[in-house]
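Structure data follow from start-v2.cif (mmCIF, C-alpha atoms):
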data_structure
#
loop_
_atom_site.group_PDB
_atom_site.id
_atom_site.type_symbol
_atom_site.label_atom_id
_atom_site.label_comp_id
_atom_site.auth_asym_id
_atom_site.auth_seq_id
_atom_site.Cartn_x
_atom_site.Cartn_y
_atom_site.Cartn_z
ATOM 1 C CA MET G 1 5.006 2.988 -21.968
ATOM 2 C CA LYS G 2 1.962 0.747 -21.679
ATOM 3 C CA VAL G 3 1.150 -0.299 -18.129
ATOM 4 C CA LEU G 4 -1.528 -2.521 -16.612
ATOM 5 C CA VAL G 5 -2.464 -1.845 -12.977
ATOM 6 C CA ILE G 6 -4.174 -4.833 -11.334
ATOM 7 C CA GLY G 7 -6.319 -3.399 -8.561
ATOM 8 C CA ALA G 8 -6.562 0.044 -10.134
ATOM 9 C CA SER G 9 -9.469 1.224 -7.975
ATOM 10 C CA GLY G 10 -7.799 0.408 -4.648
ATOM 11 C CA PHE G 11 -6.147 2.693 -2.105
ATOM 12 C CA ILE G 12 -2.736 2.108 -3.711
ATOM 13 C CA GLY G 13 -3.718 1.216 -7.262
ATOM 14 C CA GLN G 14 -5.893 4.245 -7.971
ATOM 15 C CA PRO G 15 -3.310 6.968 -7.230
ATOM 16 C CA VAL G 16 -0.692 4.870 -9.028
ATOM 17 C CA ALA G 17 -2.867 4.625 -12.165
ATOM 18 C CA GLN G 18 -3.648 8.347 -12.002
ATOM 19 C CA ALA G 19 0.017 9.298 -11.572
ATOM 20 C CA LEU G 20 1.088 7.099 -14.480
ATOM 21 C CA SER G 21 -1.557 8.674 -16.682
ATOM 22 C CA ARG G 22 -0.423 12.185 -15.710
ATOM 23 C CA ALA G 23 3.139 11.160 -16.538
ATOM 24 C CA GLY G 24 2.064 10.417 -20.109
ATOM 25 C CA HIS G 25 1.881 6.625 -20.061
ATOM 26 C CA ILE G 26 -0.923 4.537 -21.540
ATOM 27 C CA VAL G 27 -2.532 2.959 -18.494
ATOM 28 C CA TYR G 28 -4.964 0.045 -18.294
ATOM 29 C CA GLY G 29 -6.772 -0.420 -15.001
ATOM 30 C CA LEU G 30 -8.261 -3.725 -13.884
ATOM 31 C CA THR G 31 -11.249 -3.358 -11.553
ATOM 32 C CA ARG G 32 -14.194 -5.546 -10.555
ATOM 33 C CA SER G 33 -16.729 -2.696 -10.549
ATOM 34 C CA GLU G 34 -18.529 -1.080 -13.492
ATOM 35 C CA ALA G 35 -18.917 2.104 -11.411
ATOM 36 C CA LYS G 36 -15.175 2.185 -10.666
ATOM 37 C CA ALA G 37 -14.477 1.528 -14.331
ATOM 38 C CA LYS G 38 -16.297 4.757 -15.209
ATOM 39 C CA GLN G 39 -14.204 6.631 -12.631
ATOM 40 C CA LEU G 40 -11.007 5.238 -14.156
ATOM 41 C CA ALA G 41 -12.126 6.239 -17.646
ATOM 42 C CA ALA G 42 -12.729 9.786 -16.387
ATOM 43 C CA GLU G 43 -9.092 9.804 -15.224
ATOM 44 C CA GLU G 44 -7.937 8.780 -18.736
ATOM 45 C CA VAL G 45 -7.188 5.243 -17.588
ATOM 46 C CA VAL G 46 -8.442 2.498 -19.920
ATOM 47 C CA PRO G 47 -10.736 0.386 -17.714
ATOM 48 C CA ILE G 48 -10.914 -3.398 -17.806
ATOM 49 C CA VAL G 49 -13.694 -4.962 -15.758
ATOM 50 C CA GLY G 50 -12.710 -8.376 -14.485
ATOM 51 C CA GLU G 51 -11.247 -10.463 -11.695
ATOM 52 C CA ALA G 52 -7.539 -10.701 -10.965
ATOM 53 C CA SER G 53 -8.141 -14.383 -10.259
ATOM 54 C CA ASN G 54 -9.446 -14.838 -13.819
ATOM 55 C CA PRO G 55 -6.577 -13.631 -16.040
ATOM 56 C CA GLN G 56 -8.356 -14.740 -19.202
ATOM 57 C CA SER G 57 -10.338 -11.486 -19.078
ATOM 58 C CA TRP G 58 -7.210 -9.368 -19.538
ATOM 59 C CA LEU G 59 -4.292 -11.530 -20.696
ATOM 60 C CA ASN G 60 -5.041 -10.571 -24.309
ATOM 61 C CA ILE G 61 -3.373 -7.162 -23.781
ATOM 62 C CA VAL G 62 -0.157 -8.624 -22.334
ATOM 63 C CA PRO G 63 1.663 -8.864 -25.711
ATOM 64 C CA THR G 64 1.729 -5.064 -26.027
ATOM 65 C CA LEU G 65 2.498 -4.183 -22.395
ATOM 66 C CA ASP G 66 5.764 -2.947 -20.967
ATOM 67 C CA VAL G 67 4.879 -3.258 -17.278
ATOM 68 C CA VAL G 68 2.295 -4.985 -15.090
ATOM 69 C CA ILE G 69 1.721 -3.674 -11.563
ATOM 70 C CA GLU G 70 -0.015 -5.836 -8.984
ATOM 71 C CA ALA G 71 -1.607 -3.534 -6.388
ATOM 72 C CA LEU G 72 -4.126 -5.814 -4.744
ATOM 73 C CA GLY G 73 -5.273 -5.714 -1.121
ATOM 74 C CA GLY G 74 -3.392 -7.490 1.629
ATOM 75 C CA SER G 75 -5.476 -10.604 2.222
ATOM 76 C CA ALA G 76 -3.823 -13.941 2.971
ATOM 77 C CA ASP G 77 -5.333 -15.320 -0.262
ATOM 78 C CA LEU G 78 -2.643 -13.393 -2.130
ATOM 79 C CA ARG G 79 0.003 -15.925 -1.145
ATOM 80 C CA THR G 80 -1.196 -18.193 -3.972
ATOM 81 C CA LEU G 81 -2.865 -15.618 -6.233
ATOM 82 C CA SER G 82 0.240 -13.432 -6.576
ATOM 83 C CA VAL G 83 2.443 -16.320 -7.692
ATOM 84 C CA ALA G 84 -0.237 -17.520 -10.110
ATOM 85 C CA LEU G 85 -0.583 -14.026 -11.581
ATOM 86 C CA VAL G 86 3.096 -13.526 -12.301
ATOM 87 C CA LYS G 87 3.308 -16.963 -13.916
ATOM 88 C CA ALA G 88 0.239 -16.265 -16.064
ATOM 89 C CA VAL G 89 1.671 -12.927 -17.219
ATOM 90 C CA GLY G 90 5.102 -14.415 -17.879
ATOM 91 C CA GLU G 91 3.758 -17.354 -19.861
ATOM 92 C CA ALA G 92 1.426 -15.140 -21.903
ATOM 93 C CA ALA G 93 4.274 -12.770 -22.722
ATOM 94 C CA LYS G 94 6.623 -15.606 -23.650
ATOM 95 C CA ALA G 95 4.020 -17.199 -25.919
ATOM 96 C CA SER G 96 2.903 -14.043 -27.681
ATOM 97 C CA ARG G 97 5.853 -11.656 -27.908
ATOM 98 C CA PRO G 98 8.397 -11.910 -30.735
ATOM 99 C CA ALA G 99 11.705 -13.593 -29.993
ATOM 100 C CA GLY G 100 14.261 -11.116 -28.702
ATOM 101 C CA SER G 101 11.668 -8.825 -27.083
ATOM 102 C CA PRO G 102 12.571 -7.396 -23.665
ATOM 103 C CA LYS G 103 11.056 -9.250 -20.736
ATOM 104 C CA ILE G 104 7.828 -7.759 -19.499
ATOM 105 C CA SER G 105 8.386 -6.036 -16.145
ATOM 106 C CA TYR G 106 6.235 -7.147 -13.211
ATOM 107 C CA ILE G 107 6.010 -4.936 -10.117
ATOM 108 C CA TYR G 108 4.653 -6.693 -7.044
ATOM 109 C CA THR G 109 3.256 -4.734 -4.089
ATOM 110 C CA SER G 110 4.444 -6.155 -0.782
ATOM 111 C CA GLY G 111 4.836 -4.094 2.414
ATOM 112 C CA THR G 112 7.373 -3.052 5.049
ATOM 113 C CA TRP G 113 5.803 -5.371 7.647
ATOM 114 C CA VAL G 114 8.069 -8.048 6.134
ATOM 115 C CA HIS G 115 10.847 -6.456 8.231
ATOM 116 C CA GLY G 116 8.985 -7.356 11.415
ATOM 117 C CA GLU G 117 9.477 -5.658 14.786
ATOM 118 C CA SER G 118 12.704 -3.639 14.953
ATOM 119 C CA ARG G 119 12.710 -1.075 17.759
ATOM 120 C CA ASP G 120 16.423 -1.169 18.501
ATOM 121 C CA GLU G 121 18.102 -1.616 15.116
ATOM 122 C CA PHE G 122 17.657 0.193 11.820
ATOM 123 C CA VAL G 123 16.367 -1.772 8.841
ATOM 124 C CA CYS G 124 16.566 -0.861 5.153
ATOM 125 C CA ASP G 125 15.742 -2.212 1.705
ATOM 126 C CA THR G 126 18.510 -4.808 1.761
ATOM 127 C CA THR G 127 18.175 -6.003 5.384
ATOM 128 C CA PRO G 128 17.553 -9.792 5.474
ATOM 129 C CA LEU G 129 13.932 -10.619 6.314
ATOM 130 C CA LEU G 130 14.527 -12.731 9.412
ATOM 131 C CA ASP G 131 11.269 -12.384 11.355
ATOM 132 C CA PRO G 132 8.374 -10.836 9.400
ATOM 133 C CA VAL G 133 5.114 -9.936 11.112
ATOM 134 C CA LYS G 134 2.903 -13.033 11.428
ATOM 135 C CA LEU G 135 0.165 -11.517 9.272
ATOM 136 C CA VAL G 136 2.536 -11.365 6.283
ATOM 137 C CA ALA G 137 4.948 -14.178 7.143
ATOM 138 C CA TRP G 138 4.213 -15.651 3.695
ATOM 139 C CA ARG G 139 5.247 -12.525 1.764
ATOM 140 C CA PRO G 140 9.064 -12.990 1.662
ATOM 141 C CA ALA G 141 8.629 -16.272 -0.220
ATOM 142 C CA VAL G 142 6.273 -14.601 -2.699
ATOM 143 C CA GLU G 143 8.724 -11.722 -3.141
ATOM 144 C CA GLN G 144 11.472 -14.183 -4.004
ATOM 145 C CA ALA G 145 9.228 -16.104 -6.402
ATOM 146 C CA ILE G 146 8.585 -12.884 -8.329
ATOM 147 C CA LEU G 147 12.141 -11.546 -8.185
ATOM 148 C CA THR G 148 13.548 -14.839 -9.507
ATOM 149 C CA ASP G 149 10.830 -15.775 -12.009
ATOM 150 C CA PRO G 150 12.648 -16.428 -15.304
ATOM 151 C CA THR G 151 9.829 -15.196 -17.536
ATOM 152 C CA VAL G 152 9.500 -11.637 -16.192
ATOM 153 C CA ASN G 153 11.638 -8.747 -15.012
ATOM 154 C CA GLY G 154 10.516 -8.923 -11.383
ATOM 155 C CA ILE G 155 10.506 -5.896 -9.045
ATOM 156 C CA VAL G 156 9.082 -5.588 -5.514
ATOM 157 C CA ILE G 157 7.855 -2.380 -3.878
ATOM 158 C CA ARG G 158 7.139 -2.440 -0.150
ATOM 159 C CA PRO G 159 4.857 0.419 0.960
ATOM 160 C CA ALA G 160 5.010 1.521 4.586
ATOM 161 C CA LEU G 161 1.830 2.384 6.541
ATOM 162 C CA LEU G 162 -0.265 4.722 4.397
ATOM 163 C CA TYR G 163 -1.753 7.977 5.663
ATOM 164 C CA GLY G 164 -3.820 10.777 4.112
ATOM 165 C CA LYS G 165 -6.859 10.665 1.786
ATOM 166 C CA THR G 166 -9.393 8.236 3.326
ATOM 167 C CA ALA G 167 -6.740 7.184 5.878
ATOM 168 C CA SER G 168 -6.386 3.501 4.946
ATOM 169 C CA LEU G 169 -5.621 1.462 8.102
ATOM 170 C CA LEU G 170 -5.816 4.594 10.253
ATOM 171 C CA SER G 171 -9.474 5.148 9.350
ATOM 172 C CA SER G 172 -10.763 3.055 12.278
ATOM 173 C CA LEU G 173 -8.645 5.156 14.650
ATOM 174 C CA PHE G 174 -9.996 8.385 13.129
ATOM 175 C CA GLU G 175 -13.526 7.021 13.489
ATOM 176 C CA GLU G 176 -12.889 6.257 17.143
ATOM 177 C CA ALA G 177 -11.411 9.734 17.668
ATOM 178 C CA SER G 178 -14.487 11.349 16.105
ATOM 179 C CA ASN G 179 -16.535 9.539 18.771
ATOM 180 C CA GLY G 180 -14.397 10.951 21.566
ATOM 181 C CA LYS G 181 -11.716 8.339 22.250
ATOM 182 C CA VAL G 182 -8.170 7.723 21.012
ATOM 183 C CA SER G 183 -6.474 4.351 21.501
ATOM 184 C CA TRP G 184 -3.971 2.332 19.496
ATOM 185 C CA TYR G 185 -2.186 -0.971 19.703
ATOM 186 C CA GLY G 186 1.327 -1.203 21.060
ATOM 187 C CA LYS G 187 3.552 -0.174 23.912
ATOM 188 C CA PRO G 188 5.403 3.069 24.724
ATOM 189 C CA GLY G 189 8.211 4.115 22.398
ATOM 190 C CA GLY G 190 6.642 2.860 19.162
ATOM 191 C CA ARG G 191 7.522 4.364 15.782
ATOM 192 C CA PHE G 192 5.458 4.537 12.589
ATOM 193 C CA SER G 193 7.039 3.857 9.194
ATOM 194 C CA LEU G 194 4.856 5.909 6.849
ATOM 195 C CA ILE G 195 4.207 7.118 3.316
ATOM 196 C CA HIS G 196 1.465 9.201 1.682
ATOM 197 C CA PRO G 197 -0.282 7.515 -1.292
ATOM 198 C CA ASP G 198 0.692 10.397 -3.607
ATOM 199 C CA ASP G 199 4.368 10.015 -2.682
ATOM 200 C CA LEU G 200 4.019 6.252 -3.065
ATOM 201 C CA ALA G 201 2.507 6.701 -6.526
ATOM 202 C CA ASP G 202 5.551 8.767 -7.486
ATOM 203 C CA ILE G 203 7.801 5.840 -6.556
ATOM 204 C CA TYR G 204 5.771 3.544 -8.812
ATOM 205 C CA VAL G 205 6.010 5.968 -11.734
ATOM 206 C CA ARG G 206 9.784 6.175 -11.317
ATOM 207 C CA ALA G 207 10.045 2.403 -10.971
ATOM 208 C CA VAL G 208 8.033 1.895 -14.156
ATOM 209 C CA GLU G 209 10.255 4.275 -16.095
ATOM 210 C CA LYS G 210 13.441 2.602 -14.829
ATOM 211 C CA ALA G 211 12.086 -0.940 -14.729
ATOM 212 C CA PRO G 212 14.564 -2.384 -17.274
ATOM 213 C CA ILE G 213 17.506 -1.498 -15.008
ATOM 214 C CA ILE G 214 16.096 -2.244 -11.537
ATOM 215 C CA GLY G 215 14.857 -5.784 -12.108
ATOM 216 C CA GLY G 216 15.525 -8.145 -9.224
ATOM 217 C CA LEU G 217 15.298 -5.440 -6.548
ATOM 218 C CA ALA G 218 12.981 -5.036 -3.562
ATOM 219 C CA ILE G 219 12.469 -1.352 -2.739
ATOM 220 C CA ASP G 220 11.156 -0.089 0.587
ATOM 221 C CA ALA G 221 8.678 2.739 0.001
ATOM 222 C CA GLY G 222 8.637 4.904 3.096
ATOM 223 C CA ASN G 223 9.437 8.378 4.327
ATOM 224 C CA GLU G 224 13.051 9.005 5.259
ATOM 225 C CA TYR G 225 12.257 9.212 8.978
ATOM 226 C CA THR G 226 9.845 7.322 11.202
ATOM 227 C CA GLU G 227 7.423 9.153 13.520
ATOM 228 C CA SER G 228 6.524 8.670 17.176
ATOM 229 C CA VAL G 229 3.246 6.820 17.706
ATOM 230 C CA GLU G 230 2.662 8.715 20.938
ATOM 231 C CA ASP G 231 3.279 12.113 19.329
ATOM 232 C CA PHE G 232 0.694 11.197 16.700
ATOM 233 C CA LEU G 233 -1.896 10.018 19.231
ATOM 234 C CA GLN G 234 -1.479 13.156 21.322
ATOM 235 C CA LYS G 235 -1.883 15.340 18.234
ATOM 236 C CA LEU G 236 -4.978 13.361 17.213
ATOM 237 C CA VAL G 237 -6.577 14.060 20.593
ATOM 238 C CA GLN G 238 -6.053 17.777 19.967
ATOM 239 C CA VAL G 239 -7.155 17.800 16.326
ATOM 240 C CA SER G 240 -10.252 15.636 16.778
ATOM 241 C CA GLY G 241 -11.408 17.162 20.051
ATOM 242 C CA ALA G 242 -11.481 13.711 21.641
ATOM 243 C CA LYS G 243 -11.343 13.311 25.385
ATOM 244 C CA GLY G 244 -7.775 12.587 26.462
ATOM 245 C CA PRO G 245 -5.536 11.095 27.407
ATOM 246 C CA TYR G 246 -4.882 8.637 24.577
ATOM 247 C CA GLU G 247 -4.460 4.971 25.421
ATOM 248 C CA LEU G 248 -2.042 2.297 24.249
ATOM 249 C CA VAL G 249 -3.682 -1.128 24.378
ATOM 250 C CA THR G 250 -2.468 -4.707 24.106
ATOM 251 C CA PRO G 251 -3.569 -6.487 20.910
ATOM 252 C CA SER G 252 -6.891 -8.290 21.463
ATOM 253 C CA ASN G 253 -7.388 -6.531 24.797
ATOM 254 C CA SER G 254 -11.130 -6.487 24.084
ATOM 255 C CA PRO G 255 -14.003 -9.000 24.236
ATOM 256 C CA LEU G 256 -14.745 -8.125 20.596
ATOM 257 C CA THR G 257 -11.365 -9.380 19.416
ATOM 258 C CA ASP G 258 -11.319 -13.058 20.275
ATOM 259 C CA SER G 259 -10.276 -14.634 16.981
ATOM 260 C CA GLN G 260 -6.697 -15.545 16.102
ATOM 261 C CA MET G 261 -6.842 -13.584 12.838
ATOM 262 C CA VAL G 262 -7.913 -10.410 14.651
ATOM 263 C CA LEU G 263 -5.088 -10.878 17.159
ATOM 264 C CA VAL G 264 -2.554 -11.293 14.346
ATOM 265 C CA PHE G 265 -3.880 -8.190 12.576
ATOM 266 C CA GLU G 266 -3.708 -6.087 15.730
ATOM 267 C CA GLU G 267 -0.169 -7.320 16.384
ATOM 268 C CA ALA G 268 0.726 -6.117 12.895
ATOM 269 C CA LEU G 269 -0.715 -2.676 13.627
ATOM 270 C CA ALA G 270 1.388 -2.550 16.799
ATOM 271 C CA THR G 271 4.596 -3.249 14.880
ATOM 272 C CA SER G 272 7.375 -0.704 15.298
ATOM 273 C CA ALA G 273 10.420 -0.534 13.024
ATOM 274 C CA LEU G 274 13.258 1.930 12.572
ATOM 275 C CA LEU G 275 13.020 1.989 8.785
ATOM 276 C CA ARG G 276 15.673 3.846 6.773
ATOM 277 C CA PRO G 277 14.906 3.181 3.093
ATOM 278 C CA TYR G 278 17.526 4.250 0.568
ATOM 279 C CA LEU G 279 16.985 2.638 -2.841
ATOM 280 C CA ALA G 280 14.011 4.821 -3.838
ATOM 281 C CA LYS G 281 16.142 7.892 -3.222
ATOM 282 C CA SER G 282 19.465 6.658 -4.572
ATOM 283 C CA LEU G 283 18.257 4.737 -7.642
ATOM 284 C CA LEU G 284 14.960 6.415 -8.509
ATOM 285 C CA GLY G 285 15.693 9.984 -7.416
ATOM 286 C CA TRP G 286 12.553 9.988 -5.250
ATOM 287 C CA GLN G 287 11.918 12.528 -2.501
ATOM 288 C CA GLN G 288 9.071 12.881 -0.029
ATOM 289 C CA LYS G 289 6.839 15.837 -0.899
ATOM 290 C CA LYS G 290 3.832 15.480 1.411
ATOM 291 C CA PRO G 291 4.005 16.688 5.032
ATOM 292 C CA GLY G 292 4.516 13.953 7.602
ATOM 293 C CA LEU G 293 1.616 12.454 9.534
ATOM 294 C CA VAL G 294 1.965 14.512 12.720
ATOM 295 C CA GLU G 295 2.846 17.753 10.936
ATOM 296 C CA GLY G 296 -0.031 17.488 8.478
ATOM 297 C CA LEU G 297 -2.587 15.826 10.760
ATOM 298 C CA PRO G 298 -5.147 18.684 10.732
ATOM 299 C CA LEU G 299 -5.251 18.432 6.926
ATOM 300 C CA TYR G 300 -5.364 14.630 6.887
ATOM 301 C CA TYR G 301 -8.057 14.372 9.559
ATOM 302 C CA ALA G 302 -10.186 16.921 7.693
ATOM 303 C CA ALA G 303 -9.719 14.962 4.438
ATOM 304 C CA TRP G 304 -10.839 11.754 6.138
ATOM 305 C CA GLN G 305 -13.874 13.522 7.618
ATOM 306 C CA ALA G 306 -14.864 14.993 4.236
ATOM 307 C CA GLY G 307 -14.521 11.609 2.557
ATOM 308 C CA LYS G 308 -16.596 9.951 5.270
ATOM 309 C CA ASP G 309 -19.334 12.585 5.020
ATOM 310 C CA GLY G 310 -19.415 12.275 1.239
ATOM 311 C CA LYS G 311 -19.698 8.496 1.414
ATOM 312 C CA GLU G 312 -22.512 8.638 3.952
ATOM 313 C CA LYS G 313 -24.388 11.164 1.797
ATOM 314 C CA SER G 314 -24.038 8.942 -1.271
ATOM 315 C CA GLU G 315 -25.294 5.938 0.690
ATOM 316 C CA ARG G 316 -28.350 7.883 1.887
ATOM 317 C CA LEU G 317 -29.172 9.011 -1.661
ATOM 318 C CA PHE G 318 -28.755 5.464 -2.946
ATOM 319 C CA ALA G 319 -31.066 4.144 -0.213
ATOM 320 C CA LYS G 320 -33.800 6.615 -1.267
ATOM 321 C CA ALA G 321 -33.521 5.759 -4.952
#
Any chance you could put this one into structure tokens?
Amino acid sequence: MKVLVIGASGFIGQPVAQALSRAGHIVYGLTRSEAKAKQLAAEEVVPIVGEASNPQSWLNIVPTLDVVIEALGGSADLRTLSVALVKAVGEAAKASRPAGSPKISYIYTSGTWVHGESRDEFVCDTTPLLDPVKLVAWRPAVEQAILTDPTVNGIVIRPALLYGKTASLLSSLFEEASNGKVSWYGKPGGRFSLIHPDDLADIYVRAVEKAPIIGGLAIDAGNEYTESVEDFLQKLVQVSGAKGPYELVTPSNSPLTDSQMVLVFEEALATSALLRPYLAKSLLGWQQKKPGLVEGLPLYYAAWQAGKDGKEKSERLFAKA
């Protein structure tokens, strides 16, 4: 199959593009950076340098594509960009593909924060989205716009909190731990819904290969079981050598966090949900392969540290050049 990954150099998009390439698909990767384009080419991904917000730079390949994956970052600007992208792809496909061709499949990357806070009741792929986290309160409407768009075969994948590699949203916590302190947002009894980017990439590969028969579905992408936030923080104290005990803090409980957007972001990080996803397993045959966050923390912390050291070294060399 021929697949375009929009955001192919990102924390989600890059492992997805790599996994699709390893699975034998022809993969195009949209990135804004010439340097990242070279990295994609080295991974046997056909690079396209351009902006997602300027589809004219890549719409010319739409007639031959089977699937488009949107794997952009989670900024609020996506509420309008995501809808515009799916419409642009759908219209280009409708105008350029022969009559009777299958609809192009469009996989939109959302997130499990759309389920909101759920400490007392389990939520799953098909649970109604009654009270999403404020930071992503706009996402359910975008999901529906993509799932019901008449010009594409719309699919939604909702990744849980990512761990491993360069640590994604946990990187600031790892940085703090490396400086001797461990604190996180929330209150006692919190649970993390999690997935490793390699396991997430496997879900995307399976979704691509079964796209014609899973159109119209939103699939939660998370490990089968949630993990205790406090167990993780205690393990991080041990692994990092930070001075304990760990601390749970109230969102914006700091003079540095006085803006409404920061408060909303910290509230999102403090979200706890008893997620029990089932569609990835039952329909796609997916299984978690990576160790969980607490179990594999020594490995994941070391990977973050190595990535940080490598980045700092590159920055020093660049500064001397």
Using all atoms listed in the file, I'd like a table of the residues in stretch 66-180 of chain G that come within 12 Å of stretch 282-294 of chain G; for each, show the closest atom pair and its distance in Å rounded to one decimal, ordered by chain and ascending number, as a tab-separated table.
residue	atom	partner	partner_atom	distance
G:Asp125	CA	G:Ser282	CA	11.5
G:Leu161	CA	G:Leu293	CA	10.5
G:Leu162	CA	G:Leu293	CA	9.5
G:Tyr163	CA	G:Leu293	CA	6.8
G:Gly164	CA	G:Leu293	CA	7.9
G:Lys165	CA	G:Leu293	CA	11.6
G:Ala167	CA	G:Leu293	CA	10.5
G:Leu170	CA	G:Leu293	CA	10.8
How about saving the chosen residues, C-alpha atoms kept, as a PDB file, in the coordinates of the input?
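And here's part_27.pdb as it stands now:
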ATOM      1  CA  ASP G 125      15.742  -2.212   1.705  1.00  0.00           C
ATOM      2  CA  LEU G 161       1.830   2.384   6.541  1.00  0.00           C
ATOM      3  CA  LEU G 162      -0.265   4.722   4.397  1.00  0.00           C
ATOM      4  CA  TYR G 163      -1.753   7.977   5.663  1.00  0.00           C
ATOM      5  CA  GLY G 164      -3.820  10.777   4.112  1.00  0.00           C
ATOM      6  CA  LYS G 165      -6.859  10.665   1.786  1.00  0.00           C
ATOM      7  CA  ALA G 167      -6.740   7.184   5.878  1.00  0.00           C
ATOM      8  CA  LEU G 170      -5.816   4.594  10.253  1.00  0.00           C
TER       9      LEU G 170
END
Please identify all polymer residues lying at most 9 Å from the point (16.5, 11.5, 4.8) (file coordinates), using only C-alpha atoms, and present the result as an mmCIF file with C-alpha atoms, in the frame of the given file.
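Saved to point-v6.cif:
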data_model
loop_
_atom_site.group_PDB
_atom_site.id
_atom_site.type_symbol
_atom_site.label_atom_id
_atom_site.label_comp_id
_atom_site.auth_asym_id
_atom_site.auth_seq_id
_atom_site.Cartn_x
_atom_site.Cartn_y
_atom_site.Cartn_z
ATOM 1 C CA ASN G 223 9.437 8.378 4.327
ATOM 2 C CA GLU G 224 13.051 9.005 5.259
ATOM 3 C CA TYR G 225 12.257 9.212 8.978
ATOM 4 C CA ARG G 276 15.673 3.846 6.773
ATOM 5 C CA PRO G 277 14.906 3.181 3.093
ATOM 6 C CA TYR G 278 17.526 4.250 0.568
ATOM 7 C CA LYS G 281 16.142 7.892 -3.222
ATOM 8 C CA GLN G 287 11.918 12.528 -2.501
ATOM 9 C CA GLN G 288 9.071 12.881 -0.029
#
Run the PyMOL selection byres ((chain G and resi 90) around 10) against the file shown and list the residues it catches, as a ChimeraX atom specification. /G:62,84-89,91-95,103-106,149-153
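Within the 10 Å cut-off around G:Pro128, using all atoms listed in the file and omitting residues fewer than 3 positions from it on the same chain, the listed residues are Val114, His115, Val123, Cys124, Asp125, Asp131 and Pro140 of chain G.
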Expected file contents, prior selection, C-alpha atoms, as a compact mmCIF listing (two decimals), in the coordinates of the input:
# COMPACT_ATOMS: atom_id res chain seq x y z
CA VAL G 114 8.07 -8.05 6.13
CA HIS G 115 10.85 -6.46 8.23
CA VAL G 123 16.37 -1.77 8.84
CA CYS G 124 16.57 -0.86 5.15
CA ASP G 125 15.74 -2.21 1.70
CA ASP G 131 11.27 -12.38 11.36
CA PRO G 140 9.06 -12.99 1.66
Would you mind listing what lies within 12 Å of stretch 178-188 of chain G as a tab-separated table (two decimals) with C-alpha atoms, keeping the file's coordinate frame, with all atoms listed in the file counted and same-chain residues fewer than 3 positions away left out?
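Listing of out_6.tsv after writing:
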chain	number	residue	atom	x	y	z
G	117	GLU	CA	9.48	-5.66	14.79
G	119	ARG	CA	12.71	-1.08	17.76
G	169	LEU	CA	-5.62	1.46	8.10
G	170	LEU	CA	-5.82	4.59	10.25
G	171	SER	CA	-9.47	5.15	9.35
G	172	SER	CA	-10.76	3.06	12.28
G	173	LEU	CA	-8.64	5.16	14.65
G	174	PHE	CA	-10.00	8.38	13.13
G	175	GLU	CA	-13.53	7.02	13.49
G	191	ARG	CA	7.52	4.36	15.78
G	192	PHE	CA	5.46	4.54	12.59
G	228	SER	CA	6.52	8.67	17.18
G	229	VAL	CA	3.25	6.82	17.71
G	230	GLU	CA	2.66	8.72	20.94
G	231	ASP	CA	3.28	12.11	19.33
G	232	PHE	CA	0.69	11.20	16.70
G	233	LEU	CA	-1.90	10.02	19.23
G	234	GLN	CA	-1.48	13.16	21.32
G	235	LYS	CA	-1.88	15.34	18.23
G	236	LEU	CA	-4.98	13.36	17.21
G	237	VAL	CA	-6.58	14.06	20.59
G	238	GLN	CA	-6.05	17.78	19.97
G	239	VAL	CA	-7.16	17.80	16.33
G	240	SER	CA	-10.25	15.64	16.78
G	241	GLY	CA	-11.41	17.16	20.05
G	242	ALA	CA	-11.48	13.71	21.64
G	243	LYS	CA	-11.34	13.31	25.38
G	244	GLY	CA	-7.78	12.59	26.46
G	245	PRO	CA	-5.54	11.10	27.41
G	246	TYR	CA	-4.88	8.64	24.58
G	247	GLU	CA	-4.46	4.97	25.42
G	248	LEU	CA	-2.04	2.30	24.25
G	249	VAL	CA	-3.68	-1.13	24.38
G	250	THR	CA	-2.47	-4.71	24.11
G	251	PRO	CA	-3.57	-6.49	20.91
G	252	SER	CA	-6.89	-8.29	21.46
G	253	ASN	CA	-7.39	-6.53	24.80
G	254	SER	CA	-11.13	-6.49	24.08
G	263	LEU	CA	-5.09	-10.88	17.16
G	264	VAL	CA	-2.55	-11.29	14.35
G	265	PHE	CA	-3.88	-8.19	12.58
G	266	GLU	CA	-3.71	-6.09	15.73
G	267	GLU	CA	-0.17	-7.32	16.38
G	268	ALA	CA	0.73	-6.12	12.90
G	269	LEU	CA	-0.72	-2.68	13.63
G	270	ALA	CA	1.39	-2.55	16.80
G	271	THR	CA	4.60	-3.25	14.88
G	272	SER	CA	7.38	-0.70	15.30
G	301	TYR	CA	-8.06	14.37	9.56
G	302	ALA	CA	-10.19	16.92	7.69
G	304	TRP	CA	-10.84	11.75	6.14
G	305	GLN	CA	-13.87	13.52	7.62
G	308	LYS	CA	-16.60	9.95	5.27
Using all atoms listed in the file, find all polymer residues with an atom at most 10 Å away from the point (11.8, -0.9, -6.5); report them as a VMD selection string. chain G and resid 107 to 109 125 154 to 158 203 to 204 206 to 208 210 to 211 214 to 221 279 to 280 283 to 284
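The space between atom CA of G:Ile69 and atom CA of G:Val3 spans 7.4 Å.
Shortest separation to G:Leu78 among G:Gln18, G:Val133, G:Glu143, G:Val27 occurs at residue G:Glu143, atoms counted being all atoms listed in the file.
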Extract, using all atoms listed in the file, all DNA, RNA and protein residues at most 9 Å from G:Phe122, discarding same-chain residues fewer than 5 positions from it, and format them as a count of residues only. 5
Measure the distance from atom CA of G:Val83 to atom CA of G:Val136 in Å and round it to one decimal.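 Taking atom CA of G:Val83 and atom CA of G:Val136, their separation equals 14.8 Å.
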Identify which of the residues G:Ser82, G:Trp138, G:Gly111, G:Glu176 lies closest to G:Leu194, counting all atoms listed in the file when measuring atom-to-atom distances.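 Selected residue with least distance to G:Leu194: G:Gly111.
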